[in-house]
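A.B. asks: Provided below: protein.txt, containing compact mmCIF, N, CA and C atoms.
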```txt
# COMPACT_ATOMS: atom_id res chain seq x y z
N MET A 1 209.96 37.40 96.99
CA MET A 1 210.54 38.73 97.03
C MET A 1 209.80 39.54 98.09
N LYS A 2 210.55 40.16 98.99
CA LYS A 2 209.97 40.99 100.04
C LYS A 2 209.98 42.45 99.59
N ILE A 3 208.80 43.08 99.65
CA ILE A 3 208.62 44.45 99.17
C ILE A 3 208.28 45.36 100.34
N LEU A 4 208.90 46.54 100.35
CA LEU A 4 208.61 47.56 101.35
C LEU A 4 207.87 48.71 100.67
N ILE A 5 206.65 49.01 101.15
CA ILE A 5 205.88 50.15 100.66
C ILE A 5 206.10 51.29 101.64
N VAL A 6 206.57 52.43 101.14
CA VAL A 6 206.81 53.61 101.97
C VAL A 6 205.85 54.70 101.49
N GLU A 7 204.83 54.97 102.30
CA GLU A 7 203.74 55.86 101.89
C GLU A 7 203.02 56.36 103.13
N ASP A 8 202.81 57.66 103.24
CA ASP A 8 202.16 58.21 104.42
C ASP A 8 200.64 58.05 104.40
N SER A 9 200.04 57.84 103.25
CA SER A 9 198.59 57.67 103.16
C SER A 9 198.20 56.20 103.36
N PRO A 10 197.44 55.91 104.42
CA PRO A 10 196.99 54.52 104.64
C PRO A 10 196.19 53.98 103.45
N THR A 11 195.39 54.84 102.84
CA THR A 11 194.58 54.41 101.69
C THR A 11 195.47 54.01 100.52
N MET A 12 196.48 54.82 100.23
CA MET A 12 197.39 54.51 99.12
C MET A 12 198.21 53.25 99.44
N ARG A 13 198.64 53.09 100.69
CA ARG A 13 199.36 51.87 101.07
C ARG A 13 198.48 50.64 100.80
N ARG A 14 197.21 50.74 101.16
CA ARG A 14 196.29 49.62 100.95
C ARG A 14 196.11 49.34 99.45
N ILE A 15 195.98 50.39 98.64
CA ILE A 15 195.83 50.22 97.19
C ILE A 15 197.06 49.52 96.61
N VAL A 16 198.25 49.98 96.99
CA VAL A 16 199.49 49.38 96.47
C VAL A 16 199.61 47.94 96.95
N ARG A 17 199.34 47.70 98.24
CA ARG A 17 199.42 46.34 98.78
C ARG A 17 198.45 45.40 98.05
N ASN A 18 197.20 45.83 97.87
CA ASN A 18 196.21 44.99 97.18
C ASN A 18 196.59 44.74 95.73
N THR A 19 197.14 45.75 95.07
CA THR A 19 197.59 45.58 93.69
C THR A 19 198.73 44.58 93.62
N LEU A 20 199.69 44.71 94.54
CA LEU A 20 200.80 43.76 94.57
C LEU A 20 200.30 42.34 94.82
N LYS A 21 199.34 42.21 95.71
CA LYS A 21 198.79 40.88 96.00
C LYS A 21 198.16 40.27 94.75
N ARG A 22 197.42 41.09 93.99
CA ARG A 22 196.83 40.59 92.73
C ARG A 22 197.90 40.20 91.71
N LEU A 23 199.06 40.83 91.82
CA LEU A 23 200.17 40.51 90.90
C LEU A 23 201.01 39.33 91.40
N GLY A 24 200.65 38.79 92.58
CA GLY A 24 201.34 37.61 93.10
C GLY A 24 202.41 37.90 94.13
N TYR A 25 202.48 39.14 94.61
CA TYR A 25 203.47 39.51 95.63
C TYR A 25 202.77 39.62 96.98
N ASP A 26 203.03 38.64 97.85
CA ASP A 26 202.35 38.60 99.15
C ASP A 26 203.24 39.05 100.31
N ASP A 27 204.55 39.03 100.12
CA ASP A 27 205.48 39.36 101.22
C ASP A 27 205.75 40.86 101.20
N VAL A 28 204.91 41.62 101.92
CA VAL A 28 204.95 43.08 101.86
C VAL A 28 205.00 43.66 103.27
N GLU A 29 205.89 44.63 103.46
CA GLU A 29 205.94 45.42 104.69
C GLU A 29 205.57 46.85 104.34
N GLU A 30 205.17 47.60 105.37
CA GLU A 30 204.77 48.99 105.15
C GLU A 30 205.49 49.91 106.12
N ALA A 31 205.73 51.14 105.66
CA ALA A 31 206.27 52.20 106.50
C ALA A 31 205.57 53.50 106.13
N GLU A 32 205.36 54.37 107.12
CA GLU A 32 204.63 55.62 106.89
C GLU A 32 205.50 56.75 106.37
N ASP A 33 206.81 56.63 106.51
CA ASP A 33 207.72 57.69 106.05
C ASP A 33 209.12 57.12 105.93
N GLY A 34 210.05 57.95 105.45
CA GLY A 34 211.42 57.50 105.24
C GLY A 34 212.13 57.06 106.50
N VAL A 35 211.84 57.71 107.63
CA VAL A 35 212.49 57.34 108.89
C VAL A 35 212.07 55.93 109.29
N GLU A 36 210.77 55.67 109.25
CA GLU A 36 210.26 54.34 109.58
C GLU A 36 210.77 53.29 108.58
N ALA A 37 210.89 53.68 107.33
CA ALA A 37 211.37 52.76 106.30
C ALA A 37 212.83 52.38 106.52
N LEU A 38 213.65 53.34 106.91
CA LEU A 38 215.06 53.01 107.19
C LEU A 38 215.16 52.01 108.33
N ALA A 39 214.32 52.18 109.33
CA ALA A 39 214.30 51.22 110.44
C ALA A 39 213.88 49.84 109.95
N ALA A 40 212.89 49.79 109.06
CA ALA A 40 212.43 48.51 108.51
C ALA A 40 213.55 47.83 107.72
N LEU A 41 214.32 48.61 106.98
CA LEU A 41 215.44 48.05 106.23
C LEU A 41 216.47 47.42 107.16
N GLY A 42 216.67 48.03 108.33
CA GLY A 42 217.62 47.50 109.30
C GLY A 42 217.14 46.25 110.00
N ASN A 43 215.82 46.01 109.98
CA ASN A 43 215.24 44.88 110.70
C ASN A 43 214.89 43.70 109.82
N SER A 44 214.99 43.85 108.51
CA SER A 44 214.51 42.82 107.60
C SER A 44 215.25 42.90 106.28
N THR A 45 215.29 41.80 105.57
CA THR A 45 215.88 41.81 104.23
C THR A 45 214.79 42.21 103.24
N ILE A 46 214.99 43.36 102.62
CA ILE A 46 214.03 43.90 101.66
C ILE A 46 214.63 43.77 100.27
N ASP A 47 213.83 43.26 99.33
CA ASP A 47 214.31 43.05 97.96
C ASP A 47 213.90 44.15 96.99
N PHE A 48 212.87 44.92 97.37
CA PHE A 48 212.33 45.92 96.46
C PHE A 48 211.58 46.96 97.29
N ILE A 49 211.72 48.24 96.92
CA ILE A 49 211.06 49.33 97.65
C ILE A 49 210.17 50.11 96.69
N ILE A 50 208.96 50.41 97.15
CA ILE A 50 208.05 51.31 96.44
C ILE A 50 207.83 52.49 97.38
N THR A 51 208.21 53.69 96.97
CA THR A 51 208.11 54.84 97.86
C THR A 51 207.40 56.03 97.23
N ASP A 52 206.69 56.75 98.08
CA ASP A 52 206.09 58.03 97.73
C ASP A 52 207.18 59.09 97.84
N TRP A 53 206.93 60.27 97.31
CA TRP A 53 207.87 61.39 97.45
C TRP A 53 207.47 62.26 98.63
N ASN A 54 206.22 62.70 98.65
CA ASN A 54 205.75 63.67 99.65
C ASN A 54 205.32 62.96 100.93
N MET A 55 206.18 62.99 101.95
CA MET A 55 205.89 62.37 103.24
C MET A 55 206.49 63.23 104.35
N PRO A 56 205.92 63.13 105.56
CA PRO A 56 206.50 63.86 106.69
C PRO A 56 207.80 63.20 107.16
N LYS A 57 208.51 63.86 108.02
CA LYS A 57 209.75 63.39 108.67
C LYS A 57 210.90 63.26 107.68
N MET A 58 210.74 62.42 106.66
CA MET A 58 211.76 62.28 105.61
C MET A 58 211.05 62.00 104.31
N ASN A 59 211.22 62.88 103.34
CA ASN A 59 210.52 62.66 102.06
C ASN A 59 211.18 61.53 101.27
N GLY A 60 210.50 61.12 100.21
CA GLY A 60 210.96 60.00 99.41
C GLY A 60 212.29 60.22 98.72
N LEU A 61 212.54 61.45 98.27
CA LEU A 61 213.81 61.73 97.60
C LEU A 61 214.97 61.59 98.58
N ASP A 62 214.82 62.16 99.78
CA ASP A 62 215.87 62.01 100.80
C ASP A 62 216.02 60.56 101.22
N PHE A 63 214.90 59.84 101.31
CA PHE A 63 214.95 58.42 101.65
C PHE A 63 215.76 57.64 100.61
N ILE A 64 215.49 57.89 99.34
CA ILE A 64 216.23 57.19 98.28
C ILE A 64 217.73 57.47 98.41
N LYS A 65 218.07 58.73 98.62
CA LYS A 65 219.49 59.09 98.76
C LYS A 65 220.13 58.35 99.93
N ARG A 66 219.42 58.24 101.04
CA ARG A 66 219.96 57.54 102.21
C ARG A 66 220.13 56.05 101.93
N VAL A 67 219.15 55.46 101.26
CA VAL A 67 219.23 54.03 100.92
C VAL A 67 220.42 53.78 100.00
N LYS A 68 220.56 54.58 98.98
CA LYS A 68 221.62 54.37 97.99
C LYS A 68 223.01 54.65 98.57
N ALA A 69 223.08 55.46 99.63
CA ALA A 69 224.36 55.76 100.26
C ALA A 69 224.78 54.69 101.26
N HIS A 70 223.88 53.78 101.61
CA HIS A 70 224.15 52.75 102.61
C HIS A 70 224.63 51.48 101.90
N ALA A 71 225.79 51.00 102.27
CA ALA A 71 226.39 49.84 101.59
C ALA A 71 225.49 48.61 101.60
N ASP A 72 224.75 48.39 102.68
CA ASP A 72 223.91 47.19 102.78
C ASP A 72 222.67 47.24 101.89
N TYR A 73 222.23 48.44 101.52
CA TYR A 73 220.97 48.59 100.78
C TYR A 73 221.13 49.20 99.40
N SER A 74 222.31 49.61 99.04
CA SER A 74 222.50 50.40 97.82
C SER A 74 222.03 49.71 96.55
N GLU A 75 221.98 48.39 96.55
CA GLU A 75 221.57 47.65 95.35
C GLU A 75 220.08 47.34 95.31
N VAL A 76 219.33 47.71 96.35
CA VAL A 76 217.89 47.43 96.37
C VAL A 76 217.19 48.35 95.36
N PRO A 77 216.45 47.78 94.40
CA PRO A 77 215.74 48.62 93.43
C PRO A 77 214.61 49.39 94.11
N ILE A 78 214.38 50.62 93.63
CA ILE A 78 213.37 51.50 94.22
C ILE A 78 212.49 52.06 93.12
N LEU A 79 211.18 51.95 93.32
CA LEU A 79 210.19 52.52 92.43
C LEU A 79 209.55 53.72 93.13
N MET A 80 209.67 54.90 92.53
CA MET A 80 209.04 56.11 93.07
C MET A 80 207.62 56.19 92.51
N VAL A 81 206.63 56.29 93.40
CA VAL A 81 205.23 56.43 93.01
C VAL A 81 204.72 57.71 93.65
N THR A 82 204.41 58.72 92.84
CA THR A 82 204.12 60.05 93.38
C THR A 82 203.19 60.84 92.49
N THR A 83 202.65 61.91 93.03
CA THR A 83 201.83 62.83 92.24
C THR A 83 202.70 63.82 91.48
N ARG A 84 203.97 63.89 91.81
CA ARG A 84 204.88 64.88 91.18
C ARG A 84 205.20 64.42 89.76
N SER A 85 204.75 65.22 88.79
CA SER A 85 204.84 64.77 87.40
C SER A 85 205.72 65.64 86.51
N VAL A 86 206.29 66.71 87.03
CA VAL A 86 207.13 67.54 86.17
C VAL A 86 208.45 66.82 85.88
N GLU A 87 208.96 67.07 84.70
CA GLU A 87 210.15 66.35 84.23
C GLU A 87 211.33 66.48 85.19
N GLN A 88 211.53 67.67 85.77
CA GLN A 88 212.69 67.85 86.65
C GLN A 88 212.58 66.98 87.90
N ASP A 89 211.35 66.70 88.37
CA ASP A 89 211.18 65.80 89.52
C ASP A 89 211.52 64.36 89.14
N VAL A 90 211.08 63.94 87.97
CA VAL A 90 211.40 62.59 87.49
C VAL A 90 212.92 62.45 87.38
N VAL A 91 213.57 63.42 86.79
CA VAL A 91 215.03 63.40 86.64
C VAL A 91 215.71 63.36 88.00
N ALA A 92 215.24 64.19 88.93
CA ALA A 92 215.84 64.23 90.27
C ALA A 92 215.73 62.87 90.97
N ALA A 93 214.58 62.23 90.85
CA ALA A 93 214.39 60.91 91.48
C ALA A 93 215.31 59.87 90.86
N LEU A 94 215.40 59.87 89.54
CA LEU A 94 216.27 58.90 88.86
C LEU A 94 217.73 59.16 89.18
N GLN A 95 218.13 60.42 89.25
CA GLN A 95 219.51 60.75 89.61
C GLN A 95 219.83 60.36 91.05
N ALA A 96 218.82 60.43 91.92
CA ALA A 96 219.03 60.05 93.32
C ALA A 96 219.17 58.54 93.48
N GLY A 97 218.67 57.79 92.49
CA GLY A 97 218.82 56.34 92.55
C GLY A 97 217.55 55.55 92.35
N ALA A 98 216.43 56.22 92.08
CA ALA A 98 215.21 55.48 91.79
C ALA A 98 215.41 54.66 90.51
N SER A 99 214.89 53.45 90.52
CA SER A 99 215.01 52.58 89.35
C SER A 99 213.96 52.88 88.29
N ASN A 100 212.82 53.41 88.74
CA ASN A 100 211.74 53.76 87.83
C ASN A 100 210.80 54.71 88.54
N TYR A 101 209.78 55.21 87.84
CA TYR A 101 208.95 56.30 88.35
C TYR A 101 207.53 56.14 87.83
N ILE A 102 206.53 56.26 88.71
CA ILE A 102 205.13 56.21 88.32
C ILE A 102 204.45 57.45 88.88
N VAL A 103 203.61 58.09 88.06
CA VAL A 103 202.82 59.22 88.52
C VAL A 103 201.43 58.73 88.92
N LYS A 104 200.99 59.13 90.13
CA LYS A 104 199.64 58.81 90.59
C LYS A 104 198.64 59.71 89.87
N PRO A 105 197.45 59.22 89.62
CA PRO A 105 196.98 57.86 89.85
C PRO A 105 197.53 56.92 88.78
N PHE A 106 197.58 55.66 89.11
CA PHE A 106 198.12 54.66 88.18
C PHE A 106 197.21 53.45 88.16
N THR A 107 197.35 52.64 87.14
CA THR A 107 196.57 51.41 87.03
C THR A 107 197.42 50.23 87.50
N PRO A 108 196.79 49.12 87.88
CA PRO A 108 197.55 47.93 88.22
C PRO A 108 198.48 47.49 87.09
N GLN A 109 198.03 47.68 85.84
CA GLN A 109 198.85 47.30 84.69
C GLN A 109 200.14 48.11 84.63
N VAL A 110 200.05 49.42 84.93
CA VAL A 110 201.24 50.27 84.92
C VAL A 110 202.21 49.82 86.01
N LEU A 111 201.70 49.51 87.20
CA LEU A 111 202.57 49.03 88.29
C LEU A 111 203.25 47.73 87.87
N LYS A 112 202.50 46.83 87.28
CA LYS A 112 203.07 45.55 86.82
C LYS A 112 204.18 45.79 85.79
N GLU A 113 203.91 46.68 84.82
CA GLU A 113 204.89 46.96 83.77
C GLU A 113 206.17 47.56 84.35
N LYS A 114 206.04 48.48 85.28
CA LYS A 114 207.21 49.12 85.86
C LYS A 114 208.03 48.12 86.68
N ILE A 115 207.36 47.27 87.43
CA ILE A 115 208.08 46.23 88.19
C ILE A 115 208.80 45.29 87.22
N ASN A 116 208.12 44.89 86.15
CA ASN A 116 208.75 44.01 85.17
C ASN A 116 209.96 44.67 84.51
N GLU A 117 209.87 45.97 84.23
CA GLU A 117 211.01 46.69 83.64
C GLU A 117 212.18 46.69 84.60
N ILE A 118 211.93 46.90 85.87
CA ILE A 118 213.01 46.95 86.86
C ILE A 118 213.72 45.61 86.97
N PHE A 119 212.96 44.52 86.94
CA PHE A 119 213.55 43.19 87.15
C PHE A 119 213.84 42.46 85.85
N ALA A 120 213.73 43.13 84.71
CA ALA A 120 214.01 42.48 83.41
C ALA A 120 215.49 42.20 83.26
```
Would you mind writing the file out in structure tokens?
C.D. replies:
Amino acid sequence: MKILIVEDSPTMRRIVRNTLKRLGYDDVEEAEDGVEALAALGNSTIDFIITDWNMPKMNGLDFIKRVKAHADYSEVPILMVTTRSVEQDVVAALQAGASNYIVKPFTPQVLKEKINEIFA
């Protein structure tokens, strides 16, 4: 399974990548924002997306909406990983098309559980 991490923080991208590697997911691409991520989707077959909300150029919510509106990518599951924890933000992300939602900081176990829920 090829995973795309969309996150503007290099440190957070590294944390997510290392956590995924420990969970057995080695095929990972990275993008710094939604614009770069859309380009990555056009250049590669992506099976799963993990995205932040707060990013420059295109935030995660707008990115999710663009992915879900595109016929080629609309079925790709998306996990939102963000510091935004108010209920209305969670609802907005899920309504936009996120498959699940994690609030930072998170543990590797929480990431594993959310991925398992998405692919169950």
A.B. asks: When distances are computed from only N, CA and C atoms, which of A:Gly42, A:Asn59, A:Gly24, A:Ile78 shows the smallest separation from Gly97 (chain A)?
C.D. replies: A:Ile78
A.B. asks: Fewer than 4 positions away in the same chain doesn't count, so skip those; otherwise give me all residues within 6 Å of region 106-108 of chain A, counting only N, CA and C atoms, as a PDB file with N, CA and C atoms, in the coordinates of the input.
C.D. replies:
```pdb
ATOM      1  N   THR A  19     197.140  45.750  95.070  1.00  0.00           N
ATOM      2  CA  THR A  19     197.590  45.580  93.690  1.00  0.00           C
ATOM      3  C   THR A  19     198.730  44.580  93.620  1.00  0.00           C
ATOM      4  N   LYS A 112     202.500  46.830  87.280  1.00  0.00           N
ATOM      5  CA  LYS A 112     203.070  45.550  86.820  1.00  0.00           C
ATOM      6  C   LYS A 112     204.180  45.790  85.790  1.00  0.00           C
ATOM      7  N   GLU A 113     203.910  46.680  84.820  1.00  0.00           N
ATOM      8  CA  GLU A 113     204.890  46.960  83.770  1.00  0.00           C
ATOM      9  C   GLU A 113     206.170  47.560  84.350  1.00  0.00           C
TER      10      GLU A 113
END
```
A.B. asks: Determine which residues of region 3-95 of chain A DSSP labels as strand (DSSP E or B) from the backbone of this structure, then write them out as a list of chain:residue names.
C.D. replies: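 The residues of region 3-95 of chain A classed as strand (DSSP E or B) are A:Ile3, A:Leu4, A:Ile5, A:Val6, A:Val28, A:Glu29, A:Glu30, A:Ala31, A:Phe48, A:Ile49, A:Ile50, A:Thr51, A:Ile78, A:Leu79, A:Met80, A:Val81, A:Thr82.
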A.B. asks: Ranking A:Ala98, A:Val91, A:Val103, A:Leu23 by minimum distance to Lys65 (chain A) and counting all atoms listed in the file, which one comes first?
C.D. replies: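 For Lys65 (chain A), the nearest of the given residues is A:Ala98.
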A.B. asks: Just want the 5 Å neighbourhood of Ile5 (chain A), counted on only N, CA and C atoms, with same-chain residues fewer than 6 positions away dropped. Output as a ChimeraX atom specification.
C.D. replies: /A:29-31,50
A.B. asks: Can you work out the spacing between CA of Met58 (chain A) and CA of Asp33 (chain A) in Å, to one decimal?
C.D. replies: 6.1 Å
A.B. asks: Determine which residues of region 17-86 of chain A DSSP labels as alpha helix (DSSP H) from the backbone of this structure, then write them out as a PyMOL selection string.
C.D. replies: chain A and resi 17-22+34-43+60-69
A.B. asks: Would you mind telling me which residue in A:Ile3, A:Met12, A:Val86, A:Val81 lies nearest to Ala40 (chain A) when using only C-alpha atoms?
C.D. replies: A:Ile3
A.B. asks: What is the CA of Gly34 (chain A) to CA of Pro77 (chain A) distance in Å?
C.D. replies: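 Value for the CA of Gly34 (chain A)-CA of Pro77 (chain A) distance: 15.4 Å.
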A.B. asks: If you measure from atom N of Ser9 (chain A) to atom C of Ser74 (chain A), what distance in Å do you get, rounded to one decimal?
C.D. replies: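 Atom N of Ser9 (chain A) sits 24.4 Å away from atom C of Ser74 (chain A).
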A.B. asks: Which is closer to Val76 (chain A) than all the others in A:Asp8, A:Asp62, A:Asp52, A:Asp47, using all atoms listed in the file?
C.D. replies: A:Asp47
A.B. asks: From the options A:His70, A:Glu36, A:Arg84, A:Ile64, which residue's atoms come nearest to Ala96 (chain A), counting only N, CA and C atoms?
C.D. replies: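 Selected residue with least distance to Ala96 (chain A): A:Ile64.
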A.B. asks: For region 47-79 of chain A in the structure I just supplied, write out N, CA and C atoms - as a short mmCIF file (atom, residue, chain, number, x, y, z; two decimals), in the first residue's frame.
C.D. replies:
```
data_model
loop_
_atom_site.label_atom_id
_atom_site.label_comp_id
_atom_site.auth_asym_id
_atom_site.auth_seq_id
_atom_site.Cartn_x
_atom_site.Cartn_y
_atom_site.Cartn_z
N ASP A 47 -2.65 4.90 -2.37
CA ASP A 47 -3.72 4.07 -1.81
C ASP A 47 -4.33 4.64 -0.53
N PHE A 48 -3.60 5.55 0.12
CA PHE A 48 -4.04 6.07 1.41
C PHE A 48 -3.35 7.41 1.64
N ILE A 49 -4.09 8.37 2.20
CA ILE A 49 -3.54 9.71 2.46
C ILE A 49 -3.68 10.03 3.95
N ILE A 50 -2.61 10.56 4.52
CA ILE A 50 -2.63 11.10 5.88
C ILE A 50 -2.31 12.59 5.73
N THR A 51 -3.24 13.45 6.14
CA THR A 51 -3.03 14.88 5.94
C THR A 51 -3.25 15.71 7.20
N ASP A 52 -2.47 16.76 7.31
CA ASP A 52 -2.64 17.78 8.34
C ASP A 52 -3.75 18.72 7.86
N TRP A 53 -4.25 19.55 8.75
CA TRP A 53 -5.25 20.56 8.38
C TRP A 53 -4.56 21.89 8.10
N ASN A 54 -3.76 22.36 9.04
CA ASN A 54 -3.15 23.69 8.96
C ASN A 54 -1.86 23.66 8.15
N MET A 55 -1.94 24.09 6.89
CA MET A 55 -0.78 24.13 6.00
C MET A 55 -0.88 25.36 5.10
N PRO A 56 0.28 25.84 4.62
CA PRO A 56 0.25 26.97 3.68
C PRO A 56 -0.24 26.52 2.30
N LYS A 57 -0.50 27.46 1.45
CA LYS A 57 -0.91 27.26 0.04
C LYS A 57 -2.29 26.64 -0.08
N MET A 58 -2.48 25.45 0.47
CA MET A 58 -3.80 24.80 0.47
C MET A 58 -3.91 24.00 1.76
N ASN A 59 -4.89 24.34 2.58
CA ASN A 59 -5.02 23.62 3.85
C ASN A 59 -5.60 22.22 3.62
N GLY A 60 -5.55 21.42 4.67
CA GLY A 60 -5.99 20.03 4.57
C GLY A 60 -7.45 19.85 4.24
N LEU A 61 -8.30 20.73 4.76
CA LEU A 61 -9.73 20.62 4.47
C LEU A 61 -10.00 20.87 2.99
N ASP A 62 -9.39 21.92 2.44
CA ASP A 62 -9.54 22.19 1.00
C ASP A 62 -8.94 21.07 0.16
N PHE A 63 -7.81 20.53 0.62
CA PHE A 63 -7.18 19.41 -0.08
C PHE A 63 -8.12 18.21 -0.13
N ILE A 64 -8.73 17.87 0.99
CA ILE A 64 -9.66 16.74 1.02
C ILE A 64 -10.81 16.97 0.03
N LYS A 65 -11.36 18.16 0.04
CA LYS A 65 -12.46 18.47 -0.88
C LYS A 65 -12.03 18.31 -2.33
N ARG A 66 -10.82 18.74 -2.66
CA ARG A 66 -10.33 18.61 -4.03
C ARG A 66 -10.12 17.14 -4.41
N VAL A 67 -9.58 16.36 -3.48
CA VAL A 67 -9.35 14.94 -3.74
C VAL A 67 -10.69 14.24 -3.97
N LYS A 68 -11.65 14.49 -3.10
CA LYS A 68 -12.94 13.81 -3.19
C LYS A 68 -13.74 14.24 -4.41
N ALA A 69 -13.45 15.43 -4.94
CA ALA A 69 -14.16 15.92 -6.14
C ALA A 69 -13.55 15.38 -7.42
N HIS A 70 -12.37 14.77 -7.34
CA HIS A 70 -11.66 14.28 -8.53
C HIS A 70 -12.00 12.81 -8.75
N ALA A 71 -12.51 12.48 -9.91
CA ALA A 71 -12.96 11.12 -10.19
C ALA A 71 -11.88 10.07 -9.98
N ASP A 72 -10.62 10.39 -10.30
CA ASP A 72 -9.54 9.41 -10.18
C ASP A 72 -9.13 9.13 -8.74
N TYR A 73 -9.42 10.06 -7.82
CA TYR A 73 -8.94 9.92 -6.44
C TYR A 73 -10.05 9.85 -5.41
N SER A 74 -11.28 9.98 -5.82
CA SER A 74 -12.38 10.14 -4.86
C SER A 74 -12.53 8.97 -3.89
N GLU A 75 -12.05 7.80 -4.26
CA GLU A 75 -12.19 6.63 -3.39
C GLU A 75 -10.99 6.41 -2.47
N VAL A 76 -9.95 7.24 -2.58
CA VAL A 76 -8.77 7.09 -1.74
C VAL A 76 -9.13 7.49 -0.30
N PRO A 77 -8.93 6.59 0.68
CA PRO A 77 -9.23 6.95 2.07
C PRO A 77 -8.25 8.00 2.58
N ILE A 78 -8.75 8.89 3.43
CA ILE A 78 -7.95 10.00 3.96
C ILE A 78 -8.10 10.05 5.47
N LEU A 79 -6.97 10.11 6.16
CA LEU A 79 -6.93 10.27 7.61
C LEU A 79 -6.44 11.69 7.91
#
```
